[in-house]
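Peer 1: Below is coords_14.pdb; it holds PDB, C-alpha atoms.
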ATOM      1  CA  MET A 146      63.014  85.296 111.877
ATOM      2  CA  ALA A 147      63.663  86.875 108.469
ATOM      3  CA  LYS A 148      63.436  84.824 105.293
ATOM      4  CA  TYR A 149      65.124  85.451 101.958
ATOM      5  CA  ILE A 150      64.853  84.177  98.400
ATOM      6  CA  ILE A 151      68.218  82.799  97.358
ATOM      7  CA  ARG A 152      69.648  81.454  94.103
ATOM      8  CA  TYR A 153      72.170  78.625  94.360
ATOM      9  CA  GLY A 154      73.802  75.707  92.577
ATOM     10  CA  ALA A 155      75.072  75.183  89.042
ATOM     11  CA  MET A 156      71.468  74.801  87.846
ATOM     12  CA  ARG A 157      70.563  78.101  89.538
ATOM     13  CA  PHE A 158      67.858  76.755  91.803
ATOM     14  CA  ILE A 159      65.627  79.202  93.675
ATOM     15  CA  GLY A 160      64.603  78.687  97.293
ATOM     16  CA  VAL A 161      63.286  80.309 100.453
ATOM     17  CA  PHE A 162      65.797  80.293 103.297
ATOM     18  CA  SER A 163      65.454  81.297 106.927
ATOM     19  CA  ALA A 164      68.117  83.517 108.476
ATOM     20  CA  ARG A 165      69.380  83.207 112.018
ATOM     21  CA  ALA A 166      67.964  85.599 114.604
ATOM     22  CA  LYS A 167      68.910  89.254 113.978
ATOM     23  CA  ASP A 168      70.892  88.416 110.814
ATOM     24  CA  GLU A 169      70.015  90.702 107.895
ATOM     25  CA  TYR A 170      71.050  90.521 104.249
ATOM     26  CA  VAL A 171      70.626  92.582 101.101
ATOM     27  CA  ARG A 172      70.510  91.742  97.413
ATOM     28  CA  ASP A 173      73.697  90.186  95.957
ATOM     29  CA  ASP A 174      75.052  89.154  99.367
ATOM     30  CA  LYS A 175      76.885  85.825  99.189
ATOM     31  CA  VAL A 176      75.855  83.418 101.940
ATOM     32  CA  ILE A 177      76.475  79.857 103.054
ATOM     33  CA  ILE A 178      73.205  77.927 103.081
ATOM     34  CA  ARG A 179      72.063  74.451 104.018
ATOM     35  CA  THR A 180      69.898  72.732 101.426
ATOM     36  CA  LYS A 181      68.693  69.154 101.161
ATOM     37  CA  ARG A 182      71.898  68.496  99.182
ATOM     38  CA  GLY A 183      74.236  69.870 101.863
ATOM     39  CA  LEU A 184      76.186  73.089 102.416
ATOM     40  CA  GLU A 185      76.185  75.386  99.391
ATOM     41  CA  VAL A 186      77.006  78.934  98.352
ATOM     42  CA  GLY A 187      73.981  81.092  97.578
ATOM     43  CA  GLU A 188      73.210  84.593  96.357
ATOM     44  CA  VAL A 189      70.526  86.667  98.042
ATOM     45  CA  LEU A 190      67.916  87.952  95.593
ATOM     46  CA  CYS A 191      65.373  89.630  97.871
ATOM     47  CA  GLU A 192      63.439  89.314 101.097
ATOM     48  CA  ALA A 193      60.902  86.488 100.996
ATOM     49  CA  THR A 194      57.719  88.534 101.174
ATOM     50  CA  ASP A 195      54.368  86.825 100.581
ATOM     51  CA  GLU A 196      54.148  88.493  97.174
ATOM     52  CA  ALA A 197      57.647  87.358  96.152
ATOM     53  CA  VAL A 198      57.136  83.757  97.342
ATOM     54  CA  ALA A 199      53.843  83.594  95.432
ATOM     55  CA  GLN A 200      55.829  84.059  92.198
ATOM     56  CA  LEU A 201      57.857  80.904  92.825
ATOM     57  CA  ASN A 202      56.852  77.482  91.575
ATOM     58  CA  ASP A 203      57.636  74.753  94.119
ATOM     59  CA  PRO A 204      60.605  76.522  95.771
ATOM     60  CA  ALA A 205      63.158  74.691  97.881
ATOM     61  CA  PHE A 206      63.511  75.501 101.570
ATOM     62  CA  GLY A 207      66.470  75.649 103.895
ATOM     63  CA  SER A 208      68.424  77.831 106.288
ATOM     64  CA  ILE A 209      71.128  80.483 106.015
ATOM     65  CA  MET A 210      74.142  79.490 108.087
ATOM     66  CA  ARG A 211      76.188  82.669 107.759
ATOM     67  CA  ALA A 212      77.436  85.392 105.463
ATOM     68  CA  MET A 213      80.255  84.234 103.234
ATOM     69  CA  SER A 214      83.626  85.008 104.817
ATOM     70  CA  ALA A 215      87.066  85.525 103.321
ATOM     71  CA  GLU A 216      87.979  82.010 104.437
ATOM     72  CA  ASP A 217      84.881  80.650 102.708
ATOM     73  CA  GLU A 218      85.907  82.415  99.489
ATOM     74  CA  LYS A 219      89.357  80.821  99.644
ATOM     75  CA  GLN A 220      87.773  77.408 100.160
ATOM     76  CA  MET A 221      85.435  77.946  97.211
ATOM     77  CA  LEU A 222      88.293  79.010  94.920
ATOM     78  CA  HIS A 223      90.287  75.949  95.966
ATOM     79  CA  MET A 224      87.267  73.750  95.287
ATOM     80  CA  LEU A 225      86.743  75.313  91.849
ATOM     81  CA  GLY A 226      90.404  74.658  91.100
ATOM     82  CA  ASP A 227      89.797  70.956  91.684
ATOM     83  CA  THR A 228      86.783  70.872  89.364
ATOM     84  CA  GLN A 229      88.833  70.426  86.189
ATOM     85  CA  ARG A 230      90.619  67.455  87.730
ATOM     86  CA  GLU A 231      87.271  65.944  88.669
ATOM     87  CA  VAL A 232      85.929  66.514  85.142
ATOM     88  CA  GLU A 233      88.938  64.727  83.670
ATOM     89  CA  THR A 234      88.523  61.865  86.129
ATOM     90  CA  VAL A 235      84.832  61.397  85.311
ATOM     91  CA  ARG A 236      85.480  61.603  81.563
ATOM     92  CA  ARG A 237      88.276  59.035  81.820
ATOM     93  CA  VAL A 238      86.184  56.537  83.791
ATOM     94  CA  ILE A 239      83.222  56.941  81.402
ATOM     95  CA  GLY A 240      85.580  56.226  78.504
ATOM     96  CA  GLU A 241      87.082  53.179  80.210
ATOM     97  CA  MET A 242      83.596  51.742  80.777
ATOM     98  CA  ASN A 243      82.504  52.689  77.247
ATOM     99  CA  LEU A 244      79.187  54.086  78.464
ATOM    100  CA  PRO A 245      76.799  55.746  75.933
ATOM    101  CA  MET A 246      76.703  59.116  77.689
ATOM    102  CA  GLN A 247      78.240  62.549  77.227
ATOM    103  CA  LEU A 248      79.658  64.382  80.222
ATOM    104  CA  VAL A 249      78.469  67.989  80.415
ATOM    105  CA  ASP A 250      79.693  69.328  83.749
ATOM    106  CA  VAL A 251      80.648  68.419  87.298
ATOM    107  CA  GLU A 252      79.449  70.344  90.350
ATOM    108  CA  HIS A 253      81.246  69.955  93.683
ATOM    109  CA  LEU A 254      79.118  71.171  96.582
ATOM    110  CA  PHE A 255      80.740  73.685  98.915
ATOM    111  CA  GLY A 256      80.480  71.441 101.967
ATOM    112  CA  GLY A 257      82.041  68.504 100.092
ATOM    113  CA  GLU A 258      79.015  66.280 100.771
ATOM    114  CA  ARG A 259      78.666  65.233  97.149
ATOM    115  CA  VAL A 260      79.735  65.676  93.537
ATOM    116  CA  VAL A 261      76.953  66.061  90.977
ATOM    117  CA  VAL A 262      77.674  64.736  87.480
ATOM    118  CA  TYR A 263      75.534  66.245  84.694
ATOM    119  CA  TYR A 264      75.360  64.235  81.490
ATOM    120  CA  LEU A 265      73.499  63.793  78.203
ATOM    121  CA  ALA A 266      72.254  60.423  76.965
ATOM    122  CA  GLU A 267      69.786  59.295  74.330
ATOM    123  CA  SER A 268      68.470  56.475  76.509
ATOM    124  CA  ARG A 269      68.654  55.225  80.051
ATOM    125  CA  VAL A 270      72.190  54.327  81.136
ATOM    126  CA  ASP A 271      73.158  51.692  83.702
ATOM    127  CA  PHE A 272      75.862  53.590  85.563
ATOM    128  CA  ARG A 273      75.930  51.675  88.856
ATOM    129  CA  ASP A 274      79.526  50.565  88.315
ATOM    130  CA  LEU A 275      80.441  54.109  87.250
ATOM    131  CA  VAL A 276      79.029  55.567  90.467
ATOM    132  CA  LYS A 277      80.970  53.073  92.576
ATOM    133  CA  ALA A 278      84.205  53.790  90.716
ATOM    134  CA  LEU A 279      83.789  57.567  90.994
ATOM    135  CA  ALA A 280      82.876  57.388  94.679
ATOM    136  CA  SER A 281      86.096  55.441  95.264
ATOM    137  CA  GLU A 282      88.288  57.847  93.264
ATOM    138  CA  LEU A 283      86.760  61.128  94.443
ATOM    139  CA  GLN A 284      86.077  59.978  97.996
ATOM    140  CA  THR A 285      82.635  61.519  98.237
ATOM    141  CA  ARG A 286      79.006  60.851  97.406
ATOM    142  CA  ILE A 287      78.214  60.835  93.677
ATOM    143  CA  GLU A 288      74.922  61.995  92.171
ATOM    144  CA  MET A 289      74.214  61.358  88.488
ATOM    145  CA  ARG A 290      71.817  63.787  86.835
ATOM    146  CA  GLN A 291      70.620  63.351  83.252
ATOM    147  CA  ILE A 292      69.770  66.641  81.546
ATOM    148  CA  GLY A 293      68.542  67.910  78.175
ATOM    149  CA  VAL A 294      70.176  70.232  75.669
ATOM    150  CA  ARG A 295      68.497  73.321  77.135
ATOM    151  CA  ASP A 296      69.955  72.491  80.547
ATOM    152  CA  GLU A 297      73.338  71.977  78.880
ATOM    153  CA  ALA A 298      73.187  75.547  77.619
ATOM    154  CA  LYS A 299      72.159  76.686  81.094
ATOM    155  CA  LEU A 300      75.335  75.149  82.483
ATOM    156  CA  LEU A 301      77.821  76.062  79.756
ATOM    157  CA  ALA A 302      76.554  78.884  77.524
ATOM    158  CA  ASP A 303      77.841  82.418  77.897
ATOM    159  CA  TYR A 304      76.375  85.047  75.534
ATOM    160  CA  GLY A 305      73.409  85.024  73.182
ATOM    161  CA  ASP A 306      72.974  86.633  69.766
ATOM    162  CA  CYS A 307      71.753  89.803  71.499
ATOM    163  CA  GLY A 308      75.198  90.291  73.028
ATOM    164  CA  LYS A 309      73.976  89.768  76.581
ATOM    165  CA  PRO A 310      74.471  86.753  78.871
ATOM    166  CA  VAL A 311      72.023  83.974  77.998
ATOM    167  CA  CYS A 312      68.710  84.219  79.850
ATOM    168  CA  CYS A 313      68.801  80.610  81.070
ATOM    169  CA  ASN A 314      72.027  81.313  82.954
ATOM    170  CA  THR A 315      70.950  84.640  84.445
ATOM    171  CA  HIS A 316      67.372  85.491  85.422
ATOM    172  CA  LEU A 317      65.363  82.458  84.270
ATOM    173  CA  SER A 318      64.613  79.966  87.027
ATOM    174  CA  GLU A 319      62.419  77.884  84.713
ATOM    175  CA  MET A 320      62.624  77.509  80.951
ATOM    176  CA  PRO A 321      59.209  78.187  79.412
ATOM    177  CA  PRO A 322      57.727  76.125  76.547
ATOM    178  CA  VAL A 323      58.355  77.766  73.170
ATOM    179  CA  SER A 324      56.748  76.909  69.810
ATOM    180  CA  MET A 325      56.973  78.035  66.202
ATOM    181  CA  ARG A 326      53.519  79.597  66.580
ATOM    182  CA  MET A 327      55.056  82.234  68.831
ATOM    183  CA  ALA A 328      57.629  83.160  66.202
ATOM    184  CA  LYS A 329      54.962  83.319  63.468
ATOM    185  CA  LEU A 330      52.624  85.512  65.505
ATOM    186  CA  GLN A 331      55.429  87.975  66.258
ATOM    187  CA  LYS A 332      56.511  87.854  62.600
ATOM    188  CA  ALA A 333      59.993  86.831  63.560
ATOM    189  CA  THR A 334      62.126  85.366  60.838
ATOM    190  CA  LEU A 335      61.542  81.643  60.511
ATOM    191  CA  ASP A 336      65.181  80.993  59.665
ATOM    192  CA  PRO A 337      66.152  78.325  62.258
ATOM    193  CA  THR A 338      69.665  79.728  62.554
ATOM    194  CA  LYS A 339      68.287  83.099  63.681
ATOM    195  CA  ILE A 340      65.539  82.016  66.070
ATOM    196  CA  SER A 341      67.475  79.208  67.762
ATOM    197  CA  GLY A 342      69.446  79.760  70.944
ATOM    198  CA  ARG A 343      72.757  78.328  72.072
ATOM    199  CA  CYS A 344      70.983  75.072  72.901
ATOM    200  CA  GLY A 345      69.792  74.659  69.311
ATOM    201  CA  ARG A 346      66.146  75.029  70.390
ATOM    202  CA  LEU A 347      63.845  78.005  69.870
ATOM    203  CA  LYS A 348      64.939  81.058  71.856
ATOM    204  CA  CYS A 349      63.277  81.503  75.234
ATOM    205  CA  CYS A 350      62.806  85.225  74.517
ATOM    206  CA  LEU A 351      60.162  84.346  71.891
ATOM    207  CA  ARG A 352      57.935  83.551  74.871
ATOM    208  CA  TYR A 353      58.316  86.885  76.648
ATOM    209  CA  GLU A 354      55.950  89.032  74.548
ATOM    210  CA  TYR A 355      53.724  86.277  73.186
ATOM    211  CA  ASP A 356      50.872  86.855  75.665
ATOM    212  CA  THR A 357      50.825  90.565  74.785
ATOM    213  CA  TYR A 358      50.697  89.785  71.062
ATOM    214  CA  GLU A 359      47.824  87.350  71.615
ATOM    215  CA  GLU A 360      45.879  89.883  73.676
ATOM    216  CA  LEU A 361      46.340  92.650  71.111
ATOM    217  CA  GLN A 362      45.478  90.350  68.214
ATOM    218  CA  ARG A 363      42.128  89.462  69.775
ATOM    219  CA  ASP A 364      41.018  93.073  69.241
ATOM    220  CA  LEU A 365      41.744  92.886  65.495
ATOM    221  CA  PRO A 366      39.464  91.391  62.797
ATOM    222  CA  PRO A 367      40.954  88.018  61.760
ATOM    223  CA  ILE A 368      42.783  87.782  58.449
ATOM    224  CA  GLY A 369      40.288  87.112  55.677
ATOM    225  CA  SER A 370      37.535  89.180  57.316
ATOM    226  CA  ASP A 371      35.329  91.381  55.129
ATOM    227  CA  ILE A 372      35.115  94.813  56.715
ATOM    228  CA  VAL A 373      33.609  98.232  56.139
ATOM    229  CA  THR A 374      35.736 101.337  56.641
ATOM    230  CA  GLY A 375      35.203 105.019  56.032
ATOM    231  CA  SER A 376      36.869 104.511  52.639
ATOM    232  CA  GLY A 377      34.659 101.588  51.607
ATOM    233  CA  ARG A 378      34.621  97.814  51.832
ATOM    234  CA  GLY A 379      37.718  95.638  51.940
ATOM    235  CA  ARG A 380      39.249  92.379  53.078
ATOM    236  CA  VAL A 381      41.908  92.031  55.807
ATOM    237  CA  LEU A 382      45.157  90.645  54.390
ATOM    238  CA  ASN A 383      47.499  91.004  57.327
ATOM    239  CA  HIS A 384      48.051  92.478  60.786
ATOM    240  CA  GLU A 385      50.585  94.844  62.270
ATOM    241  CA  ILE A 386      49.733  93.779  65.803
ATOM    242  CA  LEU A 387      51.820  96.136  67.919
ATOM    243  CA  ALA A 388      50.867  99.141  65.772
ATOM    244  CA  GLY A 389      47.192  98.139  65.817
ATOM    245  CA  GLN A 390      47.013  98.373  62.022
ATOM    246  CA  LEU A 391      45.538  96.257  59.231
ATOM    247  CA  LEU A 392      46.648  95.661  55.671
ATOM    248  CA  VAL A 393      43.403  95.781  53.679
ATOM    249  CA  ARG A 394      42.591  95.106  50.014
ATOM    250  CA  MET A 395      39.857  97.492  48.979
ATOM    251  CA  GLU A 396      37.162  96.821  46.363
ATOM    252  CA  ASP A 397      39.229  98.612  43.720
ATOM    253  CA  ASN A 398      42.126  96.179  44.428
ATOM    254  CA  ARG A 399      44.216  98.783  46.243
ATOM    255  CA  ASN A 400      46.185  97.496  49.251
ATOM    256  CA  ILE A 401      46.223 100.085  52.008
ATOM    257  CA  MET A 402      47.298 100.144  55.646
ATOM    258  CA  ILE A 403      44.650 101.451  58.032
ATOM    259  CA  ASP A 404      44.309 101.837  61.780
ATOM    260  CA  ALA A 405      42.065  99.248  63.426
ATOM    261  CA  SER A 406      39.910 102.072  64.810
ATOM    262  CA  GLU A 407      38.853 102.903  61.228
ATOM    263  CA  VAL A 408      36.913  99.634  60.945
ATOM    264  CA  LEU A 409      33.199 100.479  61.136
ATOM    265  CA  THR A 410      31.758  96.978  60.728
ATOM    266  CA  VAL A 411      32.970  93.423  60.295
ATOM    267  CA  LEU A 412      30.672  91.853  57.687
ATOM    268  CA  LYS A 413      32.226  88.410  57.743
ATOM    269  CA  ARG A 414      34.930  87.159  60.035
ATOM    270  CA  GLY A 415      37.824  85.262  58.512
ATOM    271  CA  ASN A 416      39.366  82.185  60.060
ATOM    272  CA  GLY A 417      43.039  82.870  59.444
ATOM    273  CA  SER A 418      45.642  84.689  61.530
ATOM    274  CA  THR A 419      49.371  85.324  61.677
ATOM    275  CA  GLY A 420      49.460  83.118  64.745
ATOM    276  CA  GLY A 421      48.441  80.010  62.847
ATOM    277  CA  SER A 422      44.950  79.769  64.328
ATOM    278  CA  SER A 423      43.473  78.107  61.249
ATOM    279  CA  ARG A 424      43.041  74.354  61.397
ATOM    280  CA  ARG A 425      45.714  73.851  58.787
ATOM    281  CA  GLY A 426      48.070  76.209  60.608
ATOM    282  CA  LYS A 427      47.624  74.337  63.865
ATOM    283  CA  ARG A 428      48.576  71.036  62.279
ATOM    284  CA  ARG A 429      51.648  72.620  60.746
ATOM    285  CA  ASP A 430      52.721  74.273  64.004
ATOM    286  CA  LYS A 431      52.421  71.030  65.891
ATOM    287  CA  LYS A 432      54.561  69.251  63.336
ATOM    288  CA  ASP A 433      57.153  71.995  63.019
ATOM    289  CA  ALA A 434      57.738  72.640  66.686
ATOM    290  CA  PRO A 435      56.333  70.608  69.517
ATOM    291  CA  ASP A 436      56.450  72.019  73.015
ATOM    292  CA  GLU A 437      60.109  72.771  73.677
ATOM    293  CA  GLY A 438      59.815  73.082  77.414
ATOM    294  CA  GLY A 439      58.728  69.548  78.239
ATOM    295  CA  ASN A 440      60.224  66.816  80.352
ATOM    296  CA  PRO A 441      63.071  65.810  77.985
ATOM    297  CA  ASN A 442      64.742  69.140  78.763
ATOM    298  CA  GLN A 443      64.398  68.985  82.512
ATOM    299  CA  SER A 444      67.192  67.652  84.681
ATOM    300  CA  ASN A 445      66.324  64.422  86.474
ATOM    301  CA  PRO A 446      68.291  62.903  89.356
ATOM    302  CA  GLU A 447      68.792  59.198  88.886
ATOM    303  CA  ALA A 448      71.216  57.759  91.393
ATOM    304  CA  THR A 449      73.522  58.545  94.254
ATOM    305  CA  GLU A 450      76.221  56.556  95.953
ATOM    306  CA  ASP A 451      77.819  57.032  99.311
TER
END
The structure given in the file should be rewritten as structure tokens.
Peer 2:
Amino acid sequence: MAKYIIRYGAMRFIGVFSARAKDEYVRDDKVIIRTKRGLEVGEVLCEATDEAVAQLNDPAFGSIMRAMSAEDEKQMLHMLGDTQREVETVRRVIGEMNLPMQLVDVEHLFGGERVVVYYLAESRVDFRDLVKALASELQTRIEMRQIGVRDEAKLLADYGDCGKPVCCNTHLSEMPPVSMRMAKLQKATLDPTKISGRCGRLKCCLRYEYDTYEELQRDLPPIGSDIVTGSGRGRVLNHEILAGQLLVRMEDNRNIMIDASEVLTVLKRGNGSTGGSSRRGKRRDKKDAPDEGGNPNQSNPEATED
């Protein structure tokens, strides 16, 4: 029995799903799957080889019911057409109950088993009466899911500053933690308006090359190091990490750029770096930008109602 990795749901979950005997699928095929939430529409990403599954963190599991048919597409379009009505209904009921929450989106599962309501709130909300009212009006099971601002962007954002679709709504299955230290090490501008994504938090793409920068920086003498080169002694002022170059102030007060391979000896290692590795820099980084991938930005199911 073949297995495939499939992406599904408004939050773009990733799971491993078993196909029926002799059924075969290729990338981008649309399929009807059964998850723990019910019947849903999924998109085939690849075959679930051992190597591919090893890359997933706590994947969901389920089964592939069938390839998506023309009738299924009509049903999905009809369901999507009802979504706006459901959004208006949920927003109206929230307003009538004067609840301290902000509606973000509504997801109606393909099989009609439930409607998932995504919302923002600064504190815990008692929405038991809301769930009962919505279950009565929409005639289905209601699931309330509190999310963070990064998940809001994942649901609603379209394009980033780069001109491409936002990463959180395309290839990212998890949103990695991002800190100001990553921006400083890569010498990105520290202007918040330029390094913040559609969610208002630091851009996820700052995380992509950070490990490479850290690895390359380890091979360079730290800033403040006293070194000996073929041209004499000097002190490291700065790094050009990707180029493998150092900005050095020589004994005659000239500032020159040299290749790291020209360093003959490190007489005294400095304790500073562009990544904020000094004690003072660490305190500042922690204050400026705590981990932006923590629990407050993860979606959390809270209640359902039949």
Peer 1: Specify as a PyMOL selection string each residue included when the PyMOL selection byres ((chain A and resi 343) around 12) is applied to this file.
Peer 2: chain A and resi 294-307+310-314+337-342+344-349
Peer 1: For this structure, which residues satisfy the selection - the PyMOL selection byres ((chain A and resi 152) around 8) - when it is evaluated on the file as given? I want them as a list in words.
Peer 2: Ile150, Ile151, Tyr153, Gly154, Arg157, Phe158, Ile159, Gly160, Gly187, Glu188, Val189 and Leu190 of chain A
Peer 1: With distances taken over all atoms listed in the file, which of A:Leu387, A:Val408, A:Val235, A:Leu330 is nearest to Met289 in chain A?
Peer 2: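 So, comparing all the options, the nearest one is A:Val235.
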Peer 1: When the PyMOL selection byres ((chain A and resi 390-400) around 12) is applied to the file above, which residues end up in the set, as JSON, numbers by chain?
Peer 2: {"A": [361, 362, 364, 365, 366, 367, 368, 369, 370, 371, 372, 373, 374, 375, 376, 377, 378, 379, 380, 381, 382, 383, 384, 385, 386, 387, 388, 389, 401, 402, 403, 404, 405, 406, 407, 408, 418, 419]}
Peer 1: Convert the current residue selection to file output with C-alpha atoms, as a PDB file, keeping the file's coordinate frame.
Peer 2:
ATOM      1  CA  LEU A 361      46.340  92.650  71.111  1.00  0.00           C
ATOM      2  CA  GLN A 362      45.478  90.350  68.214  1.00  0.00           C
ATOM      3  CA  ASP A 364      41.018  93.073  69.241  1.00  0.00           C
ATOM      4  CA  LEU A 365      41.744  92.886  65.495  1.00  0.00           C
ATOM      5  CA  PRO A 366      39.464  91.391  62.797  1.00  0.00           C
ATOM      6  CA  PRO A 367      40.954  88.018  61.760  1.00  0.00           C
ATOM      7  CA  ILE A 368      42.783  87.782  58.449  1.00  0.00           C
ATOM      8  CA  GLY A 369      40.288  87.112  55.677  1.00  0.00           C
ATOM      9  CA  SER A 370      37.535  89.180  57.316  1.00  0.00           C
ATOM     10  CA  ASP A 371      35.329  91.381  55.129  1.00  0.00           C
ATOM     11  CA  ILE A 372      35.115  94.813  56.715  1.00  0.00           C
ATOM     12  CA  VAL A 373      33.609  98.232  56.139  1.00  0.00           C
ATOM     13  CA  THR A 374      35.736 101.337  56.641  1.00  0.00           C
ATOM     14  CA  GLY A 375      35.203 105.019  56.032  1.00  0.00           C
ATOM     15  CA  SER A 376      36.869 104.511  52.639  1.00  0.00           C
ATOM     16  CA  GLY A 377      34.659 101.588  51.607  1.00  0.00           C
ATOM     17  CA  ARG A 378      34.621  97.814  51.832  1.00  0.00           C
ATOM     18  CA  GLY A 379      37.718  95.638  51.940  1.00  0.00           C
ATOM     19  CA  ARG A 380      39.249  92.379  53.078  1.00  0.00           C
ATOM     20  CA  VAL A 381      41.908  92.031  55.807  1.00  0.00           C
ATOM     21  CA  LEU A 382      45.157  90.645  54.390  1.00  0.00           C
ATOM     22  CA  ASN A 383      47.499  91.004  57.327  1.00  0.00           C
ATOM     23  CA  HIS A 384      48.051  92.478  60.786  1.00  0.00           C
ATOM     24  CA  GLU A 385      50.585  94.844  62.270  1.00  0.00           C
ATOM     25  CA  ILE A 386      49.733  93.779  65.803  1.00  0.00           C
ATOM     26  CA  LEU A 387      51.820  96.136  67.919  1.00  0.00           C
ATOM     27  CA  ALA A 388      50.867  99.141  65.772  1.00  0.00           C
ATOM     28  CA  GLY A 389      47.192  98.139  65.817  1.00  0.00           C
ATOM     29  CA  ILE A 401      46.223 100.085  52.008  1.00  0.00           C
ATOM     30  CA  MET A 402      47.298 100.144  55.646  1.00  0.00           C
ATOM     31  CA  ILE A 403      44.650 101.451  58.032  1.00  0.00           C
ATOM     32  CA  ASP A 404      44.309 101.837  61.780  1.00  0.00           C
ATOM     33  CA  ALA A 405      42.065  99.248  63.426  1.00  0.00           C
ATOM     34  CA  SER A 406      39.910 102.072  64.810  1.00  0.00           C
ATOM     35  CA  GLU A 407      38.853 102.903  61.228  1.00  0.00           C
ATOM     36  CA  VAL A 408      36.913  99.634  60.945  1.00  0.00           C
ATOM     37  CA  SER A 418      45.642  84.689  61.530  1.00  0.00           C
ATOM     38  CA  THR A 419      49.371  85.324  61.677  1.00  0.00           C
TER      39      THR A 419
END
Peer 1: Write out, as CSV, each residue of range 236-340 of chain A that has an atom at most 12 Å from range 194-205 of chain A, together with the closest pair of atoms and their distance in Å to one decimal, counting all atoms listed in the file, rows going by chain and rising number.
Peer 2:
residue,atom,partner,partner_atom,distance
A:Leu317,CA,A:Leu201,CA,11.5
A:Ser318,CA,A:Leu201,CA,9.0
A:Glu319,CA,A:Asn202,CA,8.8
Peer 1: What does the distance from CA of Met246 in chain A to CA of Tyr264 in chain A come to in Å, to one decimal?
Peer 2: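 That distance, rounded to one decimal, is 6.5 Å.
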Peer 1: As an exercise, work out the distance from CA of Arg286 in chain A to CA of Val186 in chain A in Å and give it to one decimal place.
Peer 2: 18.2 Å
Peer 1: Pick the closest to Val323 in chain A from A:Leu351, A:Ala193, A:Val411, A:Val276: which is it, counting only C-alpha atoms?
Peer 2: A:Leu351
Peer 1: If you count all atoms listed in the file, which residues fall within 10 Å of Met146 in chain A, apart from same-chain ones fewer than 3 positions away, as a list in words?
Peer 2: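 Answer for this query is Ser163, Ala164, Arg165, Ala166, Lys167, Asp168 and Glu169 of chain A.
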Peer 1: Determine the nearest neighbour of Leu248 in chain A from the options A:Tyr149, A:Tyr170, A:Tyr263, A:Phe206, counting all atoms listed in the file.
Peer 2: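 Of A:Tyr149, A:Tyr170, A:Tyr263, A:Phe206, the one nearest Leu248 in chain A, counting all atoms listed in the file, is A:Tyr263.
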Peer 1: Do you have the CA of Gly257 in chain A-CA of Glu233 in chain A distance handy?
Peer 2: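 CA of Gly257 in chain A sits 18.2 Å away from CA of Glu233 in chain A.
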Peer 1: Please list, as a list in words, the residues that have an atom at most 8 Å away from (74.8, 74.8, 108.8) in the coordinates of this file, counting all atoms listed in the file.
Peer 2: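 Here is the list of nearby residues: Ile177, Ile178, Arg179, Leu184, Ser208, Ile209 and Met210 of chain A.
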Peer 1: My list of candidates is A:Gln284, A:Asn416, A:Ser324, A:Thr228. Which is closest to Val262 in chain A when distances are computed with only C-alpha atoms?
Peer 2: A:Thr228
